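One structure is given below, encoded as structure tokens.
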Amino acid sequence: MMRFLLVRQLNVQDEGAELRRYRLCGVMLLFMNQALAGIVIFMVHQNQGFDYPGLLIYAMALYAFYAVILAIINVVKTRRHNSPILSAAKAINLVAAMVYPVTGNRYAGTVRGK
């Protein structure tokens, strides 16, 4: 939904509207952060993880590292453009990529039998 809001704003050249979309995406990310924190607390409290077959866990870990590295590179590249819309889009990608290592730690715990 946040990406849809940003795509709709691409053709509008009003800087104030760009900043309002940027702020709206930030507020939505704050709410998503609270939901993710609740999920992590629930997983830790229930001591539950996901059970995946052997190599799938390693493929997911590889993808998580790839997504995080690529998101960081893209955030650094878009800082040169001074566009709130591009910055918001890359921040969304970075947040999404940072969710993978959090869940990956839980996967690793299920592999080790914890």
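Chain identifiers are assigned as A, B, and so on, following the order in which chains appear in the structure tokens; residues are numbered from 1 within each chain, and ligands are numbered from 1 in order of appearance.
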**Prompt:** Which polymer residues have any atom within 10 Å of an atom of A:Ile85, counting only C-alpha atoms, with same-chain residues fewer than 5 positions away left out, as a PyMOL selection string?
**Reply:** chain A and resi 3+5-7+9-10+15+17-22+25+78+90-91
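Considering only C-alpha atoms, the residue among A:Val99, A:Val75, A:Leu29, A:His45 positioned nearest to A:Met60 is A:Val99.
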**Spatial neighbours of A:Leu36, max dist 12 Å, only C-alpha atoms, sep filter under 2 positions, as an NGL selection string** = :A and (29-34 or 38-43 or 95-96 or 98-100 or 102-103)
